[in-house]
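S.K.: Next comes the structure file run-v8.tsv, holding TSV, C-alpha atoms.
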```
chain	number	residue	atom	x	y	z
X	1	MET	CA	152.72	92.04	55.86
X	2	PRO	CA	153.45	93.85	52.58
X	3	THR	CA	150.99	96.34	51.14
X	4	MET	CA	148.87	95.54	48.11
X	5	LEU	CA	151.02	97.78	45.88
X	6	GLU	CA	154.19	96.04	47.09
X	7	SER	CA	152.75	92.60	46.30
X	8	SER	CA	151.44	93.68	42.92
X	9	GLY	CA	154.82	95.29	42.18
X	10	TRP	CA	156.54	91.96	42.87
X	11	ILE	CA	154.13	90.19	40.50
X	12	ARG	CA	154.84	92.79	37.79
X	13	ASN	CA	158.57	92.11	38.12
X	14	TYR	CA	157.86	88.36	38.07
X	15	GLY	CA	155.94	88.68	34.80
X	16	GLN	CA	158.77	90.66	33.18
X	17	ASP	CA	161.47	88.21	34.27
X	18	PRO	CA	162.81	86.50	31.11
X	19	ARG	CA	162.11	83.00	32.46
X	20	HIS	CA	158.44	83.76	33.00
X	21	HIS	CA	157.93	86.41	30.31
X	22	GLU	CA	158.52	83.98	27.45
X	23	ARG	CA	156.07	81.43	28.91
X	24	LEU	CA	153.36	83.95	29.70
X	25	PHE	CA	153.77	85.88	26.44
X	26	ALA	CA	153.26	82.68	24.43
X	27	ASP	CA	149.52	83.18	25.06
X	28	LYS	CA	148.92	86.77	23.93
X	29	PHE	CA	145.46	87.03	25.49
X	30	LEU	CA	146.74	85.68	28.80
X	31	TRP	CA	149.63	88.13	28.72
X	32	HIS	CA	147.42	91.16	28.17
X	33	GLN	CA	144.88	89.89	30.70
X	34	ILE	CA	147.57	89.77	33.39
X	35	TRP	CA	148.52	93.41	32.86
X	36	SER	CA	144.91	94.54	32.55
X	37	ALA	CA	144.14	92.82	35.87
X	38	MET	CA	147.21	94.29	37.56
X	39	ASP	CA	146.28	97.80	36.40
X	40	ILE	CA	142.70	97.46	37.64
X	41	ILE	CA	143.82	96.15	41.04
X	42	ASP	CA	146.22	99.05	41.49
X	43	ASP	CA	143.90	101.67	40.00
X	44	VAL	CA	141.00	100.70	42.26
X	45	ASP	CA	143.36	100.83	45.22
X	46	SER	CA	144.22	104.40	44.22
X	47	ALA	CA	140.53	105.24	43.78
X	48	THR	CA	139.54	103.86	47.19
X	49	ASN	CA	142.47	105.73	48.77
X	50	ALA	CA	141.02	108.92	47.28
X	51	TYR	CA	137.60	108.01	48.66
X	52	LEU	CA	138.99	107.52	52.17
X	53	ASP	CA	141.44	110.44	52.20
X	54	ASN	CA	139.34	113.24	50.71
X	55	GLU	CA	136.42	115.15	52.16
X	56	PHE	CA	133.00	113.71	51.33
X	57	PRO	CA	131.20	116.19	49.04
X	58	THR	CA	128.11	118.13	50.01
X	59	ASP	CA	126.64	118.05	46.51
X	60	ILE	CA	124.15	115.17	46.11
X	61	GLY	CA	125.31	114.29	42.61
X	62	GLU	CA	128.94	114.14	43.71
X	63	ARG	CA	127.94	111.92	46.62
X	64	TYR	CA	126.30	109.46	44.27
X	65	LEU	CA	129.39	109.45	42.05
X	66	ARG	CA	131.59	108.67	45.07
X	67	VAL	CA	129.33	105.87	46.32
X	68	TYR	CA	128.71	104.37	42.88
X	69	GLY	CA	132.40	104.56	42.05
X	70	ALA	CA	133.57	103.01	45.32
X	71	MET	CA	131.14	100.09	45.22
X	72	GLN	CA	131.67	99.38	41.52
X	73	GLY	CA	135.43	99.69	41.92
X	74	LEU	CA	135.50	97.06	44.68
X	75	PHE	CA	133.53	94.71	42.43
X	76	LEU	CA	135.92	95.27	39.51
X	77	GLN	CA	138.91	94.71	41.76
X	78	GLN	CA	137.59	91.33	42.90
X	79	ASP	CA	137.10	90.17	39.31
X	80	ALA	CA	140.56	91.43	38.35
X	81	LEU	CA	142.17	89.61	41.28
X	82	SER	CA	140.42	86.37	40.37
X	83	ASP	CA	141.44	86.62	36.70
X	84	LEU	CA	145.02	87.53	37.62
X	85	ILE	CA	145.45	84.44	39.80
X	86	LYS	CA	143.92	82.14	37.17
X	87	ALA	CA	146.36	83.51	34.60
X	88	ILE	CA	149.61	83.70	36.55
X	89	HIS	CA	149.14	80.90	39.10
X	90	PRO	CA	146.35	78.62	37.82
X	91	ALA	CA	147.07	75.89	40.38
X	92	LYS	CA	146.28	78.23	43.24
X	93	GLU	CA	142.95	77.73	45.01
X	94	ILE	CA	141.91	80.88	46.78
X	95	ARG	CA	140.09	80.63	50.09
X	96	GLN	CA	137.88	83.71	50.18
X	97	ASN	CA	136.56	85.16	53.40
X	98	ASP	CA	132.93	86.19	53.66
X	99	VAL	CA	133.89	89.86	53.37
X	100	LEU	CA	134.32	89.53	49.60
X	101	LYS	CA	130.88	88.00	49.30
X	102	ASP	CA	129.47	90.80	51.44
X	103	VAL	CA	131.01	93.36	49.10
X	104	ARG	CA	129.55	91.71	46.01
X	105	GLU	CA	126.09	91.41	47.51
X	106	ALA	CA	126.11	95.03	48.66
X	107	ARG	CA	127.31	96.19	45.25
X	108	ASN	CA	124.75	94.12	43.34
X	109	ALA	CA	121.87	95.43	45.41
X	110	SER	CA	122.91	99.08	45.55
X	111	VAL	CA	124.62	99.93	42.24
X	112	GLY	CA	124.82	96.70	40.20
X	113	HIS	CA	121.21	95.56	39.68
X	114	PRO	CA	119.14	97.73	42.02
X	115	THR	CA	115.89	97.71	40.07
X	116	GLN	CA	115.65	93.94	39.81
X	117	LEU	CA	117.91	91.56	41.73
X	118	LYS	CA	117.33	87.85	41.89
X	119	ARG	CA	118.95	85.94	44.75
X	120	LYS	CA	118.10	82.37	45.72
X	121	GLY	CA	115.03	82.52	43.49
X	122	GLU	CA	113.62	85.65	45.12
X	123	LEU	CA	113.27	88.98	43.36
X	124	SER	CA	113.91	92.29	45.08
X	125	THR	CA	114.30	95.96	44.15
X	126	HIS	CA	116.49	98.47	45.95
X	127	GLY	CA	117.32	102.13	46.35
X	128	ILE	CA	119.89	104.20	48.23
X	129	VAL	CA	118.37	106.49	50.85
X	130	GLN	CA	119.68	109.79	49.56
X	131	ASN	CA	120.02	111.74	52.81
X	132	SER	CA	121.84	108.83	54.50
X	133	MET	CA	124.94	108.95	52.30
X	134	SER	CA	128.23	109.72	54.03
X	135	LYS	CA	131.83	108.63	53.70
X	136	GLU	CA	131.12	105.89	56.24
X	137	GLY	CA	128.26	104.38	54.23
X	138	PHE	CA	124.56	104.64	53.41
X	139	ASN	CA	121.18	103.07	54.09
X	140	LEU	CA	119.74	100.77	51.43
X	141	LEU	CA	115.99	100.42	51.20
X	142	SER	CA	114.94	97.04	49.79
X	143	TYR	CA	111.58	95.66	48.71
X	144	PRO	CA	111.59	91.87	48.41
X	145	SER	CA	108.80	90.45	46.24
X	146	GLU	CA	107.52	88.29	49.13
X	147	ASP	CA	107.78	90.65	52.12
X	148	GLY	CA	107.62	94.34	52.98
X	149	LYS	CA	110.39	96.88	52.94
X	150	VAL	CA	113.76	96.21	54.56
X	151	PHE	CA	116.44	98.71	55.60
X	152	GLN	CA	120.09	97.67	55.44
X	153	TYR	CA	123.15	99.73	56.28
X	154	ILE	CA	126.03	99.44	53.78
X	155	PRO	CA	129.31	100.38	55.53
X	156	VAL	CA	131.34	101.60	52.55
X	157	ARG	CA	134.49	102.58	54.48
X	158	GLU	CA	134.50	99.28	56.35
X	159	LEU	CA	134.00	97.27	53.16
X	160	ILE	CA	136.91	99.09	51.50
X	161	GLU	CA	139.21	98.40	54.43
X	162	LYS	CA	138.15	94.77	54.79
X	163	GLN	CA	138.50	94.04	51.08
X	164	ARG	CA	141.92	95.66	51.05
X	165	ALA	CA	143.05	93.47	53.93
X	166	GLU	CA	141.67	90.38	52.20
X	167	ASN	CA	143.33	91.30	48.90
X	168	VAL	CA	146.66	91.76	50.69
X	169	ARG	CA	146.29	88.31	52.27
X	170	ILE	CA	145.44	86.65	48.96
X	171	LEU	CA	148.20	88.40	46.99
X	172	SER	CA	150.72	87.57	49.70
X	173	GLU	CA	149.77	83.89	49.45
X	174	VAL	CA	150.18	83.99	45.67
X	175	VAL	CA	153.55	85.75	45.87
X	176	ASN	CA	154.83	83.36	48.53
X	177	ASP	CA	153.80	80.39	46.38
X	178	LEU	CA	155.53	81.84	43.32
X	179	ARG	CA	158.66	82.61	45.34
X	180	GLU	CA	158.77	79.03	46.61
X	181	GLN	CA	158.41	77.72	43.06
X	182	GLU	CA	161.22	80.02	41.94
X	183	ARG	CA	163.41	78.95	44.86
X	184	ALA	CA	162.88	75.27	44.01
X	185	HIS	CA	163.69	75.93	40.35
X	186	ARG	CA	166.92	77.76	41.21
X	187	THR	CA	167.96	75.03	43.62
X	188	GLN	CA	167.47	72.44	40.88
X	189	PHE	CA	169.87	74.18	38.51
X	190	GLN	CA	172.21	76.24	40.69
X	191	ASN	CA	175.00	73.65	40.45
X	192	ILE	CA	174.68	73.34	36.67
X	193	LYS	CA	176.57	76.40	35.51
X	194	LEU	CA	175.82	78.02	32.18
X	195	VAL	CA	179.39	79.29	31.88
X	196	GLN	CA	180.59	75.70	31.48
X	197	ALA	CA	179.42	75.90	27.86
X	198	PHE	CA	182.30	78.35	27.26
X	199	ASN	CA	185.09	76.46	29.06
X	200	LEU	CA	187.23	75.88	25.94
X	201	VAL	CA	186.23	78.96	23.98
X	202	SER	CA	189.41	80.90	24.80
X	203	TYR	CA	191.52	77.95	23.66
X	204	ALA	CA	189.49	77.70	20.44
X	205	PHE	CA	190.18	81.34	19.62
X	206	GLU	CA	193.88	80.79	20.27
X	207	LYS	CA	193.86	78.10	17.58
X	208	ILE	CA	192.00	80.31	15.11
X	209	PHE	CA	194.50	83.14	15.62
X	210	GLU	CA	197.40	80.69	15.33
X	211	GLN	CA	196.14	79.48	11.96
X	212	ALA	CA	195.53	83.01	10.71
X	213	ARG	CA	199.06	84.05	11.76
X	214	ARG	CA	200.64	80.82	10.50
X	215	ASP	CA	202.04	80.19	14.01
X	216	SER	CA	201.17	76.49	14.15
X	217	ALA	CA	202.59	73.56	12.24
X	218	ALA	CA	199.40	71.57	12.90
X	219	PRO	CA	196.52	74.08	12.51
X	220	LEU	CA	193.42	73.32	14.59
X	221	GLY	CA	191.23	76.01	13.07
X	222	ARG	CA	188.59	73.56	11.86
X	223	TRP	CA	188.27	72.04	15.33
X	224	ALA	CA	188.15	75.55	16.80
X	225	VAL	CA	185.23	76.85	14.73
X	226	ASP	CA	183.34	73.60	15.27
X	227	HIS	CA	183.86	73.99	19.01
X	228	LEU	CA	182.59	77.57	18.95
X	229	GLN	CA	179.40	76.38	17.30
X	230	LYS	CA	179.18	73.59	19.88
X	231	ALA	CA	179.55	76.17	22.67
X	232	LEU	CA	176.59	78.12	21.27
X	233	ASP	CA	174.55	74.92	20.95
X	234	ASP	CA	175.47	73.80	24.48
X	235	PHE	CA	174.52	77.17	25.94
X	236	ALA	CA	171.16	77.07	24.17
X	237	HIS	CA	170.60	73.53	25.45
X	238	LEU	CA	171.39	74.50	29.06
X	239	LEU	CA	168.94	77.39	28.78
X	240	LYS	CA	166.28	75.07	27.38
X	241	GLN	CA	166.69	72.75	30.38
X	242	ARG	CA	165.62	75.69	32.54
X	243	GLY	CA	162.56	76.42	30.45
X	244	LEU	CA	164.33	79.26	28.63
X	245	SER	CA	165.47	79.90	25.10
X	246	VAL	CA	167.99	82.16	23.45
X	247	ASP	CA	165.09	84.44	22.50
X	248	ALA	CA	164.12	84.93	26.16
X	249	TYR	CA	166.91	87.49	26.59
X	250	ASP	CA	167.04	90.24	23.98
X	251	SER	CA	170.77	90.76	24.52
X	252	ILE	CA	171.57	87.05	24.12
X	253	LYS	CA	169.37	86.79	21.04
X	254	TYR	CA	171.16	89.80	19.54
X	255	LEU	CA	174.61	88.30	20.19
X	256	TYR	CA	173.63	84.97	18.66
X	257	GLU	CA	172.51	86.80	15.54
X	258	GLU	CA	175.68	88.91	15.47
X	259	ALA	CA	177.92	85.87	15.95
X	260	SER	CA	176.33	83.89	13.14
X	261	HIS	CA	177.92	85.76	10.24
X	262	PRO	CA	181.57	85.96	11.36
X	263	LEU	CA	181.46	82.36	12.60
X	264	GLY	CA	180.15	81.23	9.23
X	265	GLU	CA	182.84	83.14	7.34
X	266	LEU	CA	185.60	81.82	9.61
X	267	THR	CA	184.31	78.29	9.08
X	268	LYS	CA	184.70	78.79	5.32
X	269	TYR	CA	188.10	80.36	5.85
X	270	VAL	CA	189.61	77.45	7.83
X	271	SER	CA	188.00	74.99	5.38
X	272	LYS	CA	189.71	76.75	2.45
X	273	GLU	CA	186.36	77.68	0.94
X	274	PRO	CA	185.48	81.05	-0.63
X	275	SER	CA	184.90	83.47	2.22
X	276	GLU	CA	184.56	87.17	3.03
X	277	ALA	CA	187.74	86.61	5.06
X	278	LEU	CA	189.82	87.14	1.93
X	279	SER	CA	193.18	87.10	3.70
X	280	ASP	CA	194.76	85.96	6.94
X	281	ARG	CA	194.61	89.53	8.19
X	282	SER	CA	190.90	89.85	7.48
X	283	ALA	CA	190.34	86.49	9.20
X	284	ILE	CA	191.93	87.99	12.33
X	285	VAL	CA	189.47	90.90	12.12
X	286	PHE	CA	186.55	88.47	11.89
X	287	ALA	CA	187.92	86.39	14.78
X	288	THR	CA	188.47	89.47	16.98
X	289	ALA	CA	184.89	90.63	16.45
X	290	LEU	CA	183.56	87.14	17.13
X	291	GLN	CA	185.65	86.83	20.28
X	292	GLY	CA	184.01	89.99	21.62
X	293	HIS	CA	180.57	88.47	21.10
X	294	PHE	CA	181.59	85.29	22.93
X	295	ASP	CA	183.10	87.27	25.81
X	296	ARG	CA	179.79	89.07	26.28
X	297	LEU	CA	177.84	85.82	26.10
X	298	ARG	CA	180.10	84.24	28.70
X	299	HIS	CA	179.59	87.28	30.96
X	300	MET	CA	175.80	87.04	30.61
X	301	ALA	CA	175.92	83.34	31.39
X	302	GLY	CA	177.84	84.17	34.56
X	303	GLU	CA	175.25	86.77	35.55
X	304	ILE	CA	172.44	84.23	35.15
X	305	ASP	CA	174.47	81.75	37.21
X	306	LYS	CA	174.76	84.36	39.98
X	307	GLU	CA	171.01	84.88	39.88
X	308	TYR	CA	170.40	81.15	40.24
X	309	ALA	CA	172.77	81.03	43.21
X	310	SER	CA	170.77	83.73	45.02
X	311	GLU	CA	167.41	83.82	46.75
X	312	PRO	CA	164.34	85.05	44.82
X	313	SER	CA	163.80	88.74	45.37
X	314	PRO	CA	161.80	89.60	48.51
X	315	ILE	CA	158.39	91.22	48.24
X	316	VAL	CA	159.71	94.30	50.00
X	317	GLU	CA	163.30	95.23	49.27
X	318	PRO	CA	165.27	96.05	52.45
X	319	GLU	CA	166.19	99.67	52.87
X	320	ARG	CA	169.78	100.48	52.07
X	321	THR	CA	171.70	102.25	54.79
X	322	ILE	CA	174.07	104.97	53.71
X	323	GLU	CA	177.24	105.17	55.71
X	324	PRO	CA	178.03	108.69	56.96
X	325	MET	CA	180.86	110.42	55.13
X	326	ASN	CA	183.63	112.28	56.84
X	327	VAL	CA	184.42	115.35	54.78
X	328	VAL	CA	187.72	117.07	55.40
X	329	VAL	CA	188.05	120.59	54.06
X	330	THR	CA	191.51	122.03	53.72
X	331	ILE	CA	191.81	125.76	53.18
X	332	ILE	CA	194.95	126.90	51.43
X	333	GLY	CA	195.81	130.52	52.00
X	334	GLU	CA	193.35	133.27	52.74
```
Let me see the structure of the file written as structure tokens.
M.R.:
Amino acid sequence: MPTMLESSGWIRNYGQDPRHHERLFADKFLWHQIWSAMDIIDDVDSATNAYLDNEFPTDIGERYLRVYGAMQGLFLQQDALSDLIKAIHPAKEIRQNDVLKDVREARNASVGHPTQLKRKGELSTHGIVQNSMSKEGFNLLSYPSEDGKVFQYIPVRELIEKQRAENVRILSEVVNDLREQERAHRTQFQNIKLVQAFNLVSYAFEKIFEQARRDSAAPLGRWAVDHLQKALDDFAHLLKQRGLSVDAYDSIKYLYEEASHPLGELTKYVSKEPSEALSDRSAIVFATALQGHFDRLRHMAGEIDKEYASEPSPIVEPERTIEPMNVVVTIIGE
């Protein structure tokens, strides 16, 4: 099973993927909540690692800081995990084990609301037994309003380890669900190629160049520029079918903006209207620049098609093996 950092890393990549980024970023609060939750989940994991890996201090004040920090951190991490799932996978119903409830109850009694805690209609007050604190845990002395005092052992190390295991299970379920959704989406569209929008683009540019060079008795420049616009519209439509837009990819958005001006001037040129393409030679310059933009768009469409033909990225990337190299050294002379 992947670690918590590996699962959270996959979710971070998922959120930055253009297909999901545009949807999630449409709700600014939701977008920022996702990253806030991810940071808290990972930061608390780092904090609890420090708690487990470092020596427990001898100073009483430092001991309280460690215990307060560990218990409060676990509580924050639970809230962050719950908010993350609601934001990024709202249809997911999480089945929580009792360990998460045990953590919350221990936190509420010891560091959350120790002076006055109300549970099931009964009030109680609590305090950590100072000389019992260790890395493993501490004793909690409780005074319920109805009964006498009660001692309870709070196993901090065990709670950290159990919550971590439960978080890993929950995050793995979420990631597996999202991967299945992504797989189904790719399967739906993998045979509908984006590059098909550019099938006749090369032919269209041939006709524009022919008209500019006066190489054709029956110029098709008007058809050609209309087809180039149609290619852009078709590409945008195919993206929209997948829940994307031209704006989802910064590079595609940039090329659409860059293509707009030369395409507009060439349209005027072939229509014999006033244009910045003041001569046939300048029209060739405009067409050459525009052709470069279309070549890059076609390449990007092909890259997206390759992505849709592949499996969603695994949670843990396989290690790459490096083939040994045979180095031959030839010494010439002495």
S.K.: Excluding same-chain residues fewer than 4 positions from Asp98 (chain X), what lies within 10 Å of it counting all atoms listed in the file, as an MDAnalysis selection string?
M.R.: chainID X and resid 102:103 163 166
S.K.: Using only C-alpha atoms, which of the listed residues (X:Ala109, X:Arg169, X:Leu239, X:Ile88) sits closest to Ser142 (chain X)?
M.R.: X:Ala109
S.K.: X:Leu244, X:Lys92, X:Met4, X:Gln229: which is nearest Asp43 (chain X), counting only C-alpha atoms?
M.R.: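 Smallest distance to Asp43 (chain X) is found for X:Met4.
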S.K.: Quick one, how far is CA of Leu178 (chain X) from CA of Ser8 (chain X)?
M.R.: 12.5 Å
S.K.: Once you count all atoms listed in the file, which residues end up no further than 12 Å from (138.9, 110.0, 50.0) in the file's frame, shown as a list of chain:residue names?
M.R.: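 The requested residues, written out, are X:Asp45, X:Ser46, X:Ala47, X:Thr48, X:Asn49, X:Ala50, X:Tyr51, X:Leu52, X:Asp53, X:Asn54, X:Glu55, X:Phe56, X:Pro57, X:Arg63, X:Arg66, X:Val67, X:Gly69, X:Ala70, X:Ser134, X:Lys135, X:Glu136, X:Val156, X:Arg157, X:Ile160.
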S.K.: Looking at X:His185, X:Arg164, X:Lys120, X:His20, which one is nearest to Pro2 (chain X), with distances taken over only C-alpha atoms?
M.R.: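 Ranked by minimum distance to Pro2 (chain X), first place goes to X:Arg164.
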S.K.: Expressed in Å to a single decimal, how great is the separation between CA of Gln33 (chain X) and CA of Ser245 (chain X)?
M.R.: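 Value for the CA of Gln33 (chain X)-CA of Ser245 (chain X) distance: 23.6 Å.
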S.K.: Could you state the separation of CA of Leu24 (chain X) and CA of Ile85 (chain X) in Å, given to one decimal place?
M.R.: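 Computed distance, CA of Leu24 (chain X) to CA of Ile85 (chain X), equals 12.8 Å.
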S.K.: Could you check the closest approach to Phe235 (chain X) for each of X:Arg183, X:Lys193, X:Lys86, X:Lys272 and tell me which residue wins, using only C-alpha atoms?
M.R.: X:Lys193
S.K.: Under the rule that all atoms listed in the file are counted, which of X:Ile60, X:Val174, X:Thr3, X:Trp31 is the nearest residue to Pro90 (chain X)?
M.R.: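 Comparing X:Ile60, X:Val174, X:Thr3, X:Trp31 against Pro90 (chain X), the winner is X:Val174.
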S.K.: Using all atoms listed in the file, find the one residue out of X:Asp42, X:Leu81, X:Arg298, X:Leu159 that sits nearest to Lys101 (chain X).
M.R.: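 Residue with the minimum atom-to-atom distance to Lys101 (chain X): X:Leu159.
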S.K.: Can you list, as a tab-separated table (two decimals) with C-alpha atoms, in the frame of the given file, every protein, DNA or RNA residue that comes within 12 Å of Asp177 (chain X) when you count all atoms listed in the file, leaving out same-chain residues fewer than 5 positions away?
M.R.:
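result04.tsv was written with the following content:
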```
chain	number	residue	atom	x	y	z
X	11	ILE	CA	154.13	90.19	40.50
X	85	ILE	CA	145.45	84.44	39.80
X	88	ILE	CA	149.61	83.70	36.55
X	89	HIS	CA	149.14	80.90	39.10
X	90	PRO	CA	146.35	78.62	37.82
X	91	ALA	CA	147.07	75.89	40.38
X	92	LYS	CA	146.28	78.23	43.24
X	93	GLU	CA	142.95	77.73	45.01
X	94	ILE	CA	141.91	80.88	46.78
X	170	ILE	CA	145.44	86.65	48.96
X	171	LEU	CA	148.20	88.40	46.99
X	172	SER	CA	150.72	87.57	49.70
X	182	GLU	CA	161.22	80.02	41.94
X	183	ARG	CA	163.41	78.95	44.86
X	184	ALA	CA	162.88	75.27	44.01
X	312	PRO	CA	164.34	85.05	44.82
X	315	ILE	CA	158.39	91.22	48.24
```
S.K.: Is there a way to complete region 92-101 of chain X with all heavy atoms and then write that out as a JSON list (two decimals), keeping the file's coordinate frame?
M.R.:
```json
[["chain", "number", "residue", "atom", "x", "y", "z"],
["X", 92, "LYS", "N", 146.62, 77.68, 41.95],
["X", 92, "LYS", "CA", 146.28, 78.23, 43.24],
["X", 92, "LYS", "C", 144.78, 78.25, 43.47],
["X", 92, "LYS", "O", 144.01, 78.75, 42.66],
["X", 92, "LYS", "CB", 146.82, 79.67, 43.36],
["X", 92, "LYS", "CG", 146.53, 80.35, 44.68],
["X", 92, "LYS", "CD", 147.30, 79.71, 45.81],
["X", 92, "LYS", "CE", 147.08, 80.45, 47.12],
["X", 92, "LYS", "NZ", 147.75, 79.77, 48.25],
["X", 93, "GLU", "N", 144.35, 77.67, 44.59],
["X", 93, "GLU", "CA", 142.95, 77.73, 45.01],
["X", 93, "GLU", "C", 142.83, 78.77, 46.11],
["X", 93, "GLU", "O", 143.46, 78.65, 47.16],
["X", 93, "GLU", "CB", 142.48, 76.36, 45.50],
["X", 93, "GLU", "CG", 142.40, 75.30, 44.41],
["X", 93, "GLU", "CD", 141.80, 74.00, 44.92],
["X", 93, "GLU", "OE1", 141.29, 73.99, 46.06],
["X", 93, "GLU", "OE2", 141.84, 73.01, 44.17],
["X", 94, "ILE", "N", 142.03, 79.77, 45.85],
["X", 94, "ILE", "CA", 141.91, 80.88, 46.78],
["X", 94, "ILE", "C", 140.78, 80.62, 47.77],
["X", 94, "ILE", "O", 139.65, 80.33, 47.37],
["X", 94, "ILE", "CB", 141.66, 82.21, 46.04],
["X", 94, "ILE", "CG1", 142.88, 82.53, 45.18],
["X", 94, "ILE", "CG2", 141.39, 83.33, 47.02],
["X", 94, "ILE", "CD1", 144.15, 82.72, 45.96],
["X", 95, "ARG", "N", 141.11, 80.73, 49.03],
["X", 95, "ARG", "CA", 140.09, 80.63, 50.09],
["X", 95, "ARG", "C", 139.62, 82.04, 50.41],
["X", 95, "ARG", "O", 140.33, 82.83, 51.00],
["X", 95, "ARG", "CB", 140.70, 79.96, 51.32],
["X", 95, "ARG", "CG", 139.79, 79.93, 52.54],
["X", 95, "ARG", "CD", 140.49, 79.25, 53.70],
["X", 95, "ARG", "NE", 141.77, 79.87, 53.99],
["X", 95, "ARG", "CZ", 141.91, 80.97, 54.72],
["X", 95, "ARG", "NH1", 140.85, 81.58, 55.22],
["X", 95, "ARG", "NH2", 143.12, 81.48, 54.95],
["X", 96, "GLN", "N", 138.40, 82.35, 49.99],
["X", 96, "GLN", "CA", 137.88, 83.71, 50.18],
["X", 96, "GLN", "C", 137.10, 83.80, 51.48],
["X", 96, "GLN", "O", 136.29, 82.93, 51.81],
["X", 96, "GLN", "CB", 136.97, 84.10, 49.01],
["X", 96, "GLN", "CG", 137.69, 84.26, 47.69],
["X", 96, "GLN", "CD", 136.78, 84.79, 46.61],
["X", 96, "GLN", "OE1", 135.56, 84.86, 46.79],
["X", 96, "GLN", "NE2", 137.34, 85.18, 45.48],
["X", 97, "ASN", "N", 137.34, 84.88, 52.20],
["X", 97, "ASN", "CA", 136.56, 85.16, 53.40],
["X", 97, "ASN", "C", 135.20, 85.74, 53.01],
["X", 97, "ASN", "O", 135.01, 86.20, 51.88],
["X", 97, "ASN", "CB", 137.30, 86.14, 54.31],
["X", 97, "ASN", "CG", 138.51, 85.50, 54.96],
["X", 97, "ASN", "OD1", 138.59, 84.27, 55.06],
["X", 97, "ASN", "ND2", 139.46, 86.31, 55.39],
["X", 98, "ASP", "N", 134.28, 85.72, 53.95],
["X", 98, "ASP", "CA", 132.93, 86.19, 53.66],
["X", 98, "ASP", "C", 132.88, 87.66, 53.28],
["X", 98, "ASP", "O", 131.93, 88.10, 52.63],
["X", 98, "ASP", "CB", 132.02, 85.95, 54.87],
["X", 98, "ASP", "CG", 131.72, 84.47, 55.08],
["X", 98, "ASP", "OD1", 131.88, 83.69, 54.12],
["X", 98, "ASP", "OD2", 131.32, 84.10, 56.20],
["X", 99, "VAL", "N", 133.93, 88.42, 53.65],
["X", 99, "VAL", "CA", 133.89, 89.86, 53.37],
["X", 99, "VAL", "C", 133.78, 90.13, 51.88],
["X", 99, "VAL", "O", 133.07, 91.05, 51.45],
["X", 99, "VAL", "CB", 135.14, 90.56, 53.96],
["X", 99, "VAL", "CG1", 136.43, 90.03, 53.33],
["X", 99, "VAL", "CG2", 135.04, 92.06, 53.75],
["X", 100, "LEU", "N", 134.42, 89.31, 51.04],
["X", 100, "LEU", "CA", 134.32, 89.53, 49.60],
["X", 100, "LEU", "C", 132.92, 89.25, 49.09],
["X", 100, "LEU", "O", 132.43, 89.94, 48.19],
["X", 100, "LEU", "CB", 135.35, 88.67, 48.86],
["X", 100, "LEU", "CG", 136.82, 88.98, 49.15],
["X", 100, "LEU", "CD1", 137.73, 88.12, 48.29],
["X", 100, "LEU", "CD2", 137.13, 90.45, 48.94],
["X", 101, "LYS", "N", 132.27, 88.27, 49.66],
["X", 101, "LYS", "CA", 130.88, 88.00, 49.30],
["X", 101, "LYS", "C", 129.98, 89.15, 49.76],
["X", 101, "LYS", "O", 129.05, 89.55, 49.05],
["X", 101, "LYS", "CB", 130.42, 86.68, 49.92],
["X", 101, "LYS", "CG", 131.18, 85.46, 49.44],
["X", 101, "LYS", "CD", 130.73, 84.20, 50.15],
["X", 101, "LYS", "CE", 131.54, 82.99, 49.71],
["X", 101, "LYS", "NZ", 131.16, 81.77, 50.47]]
```
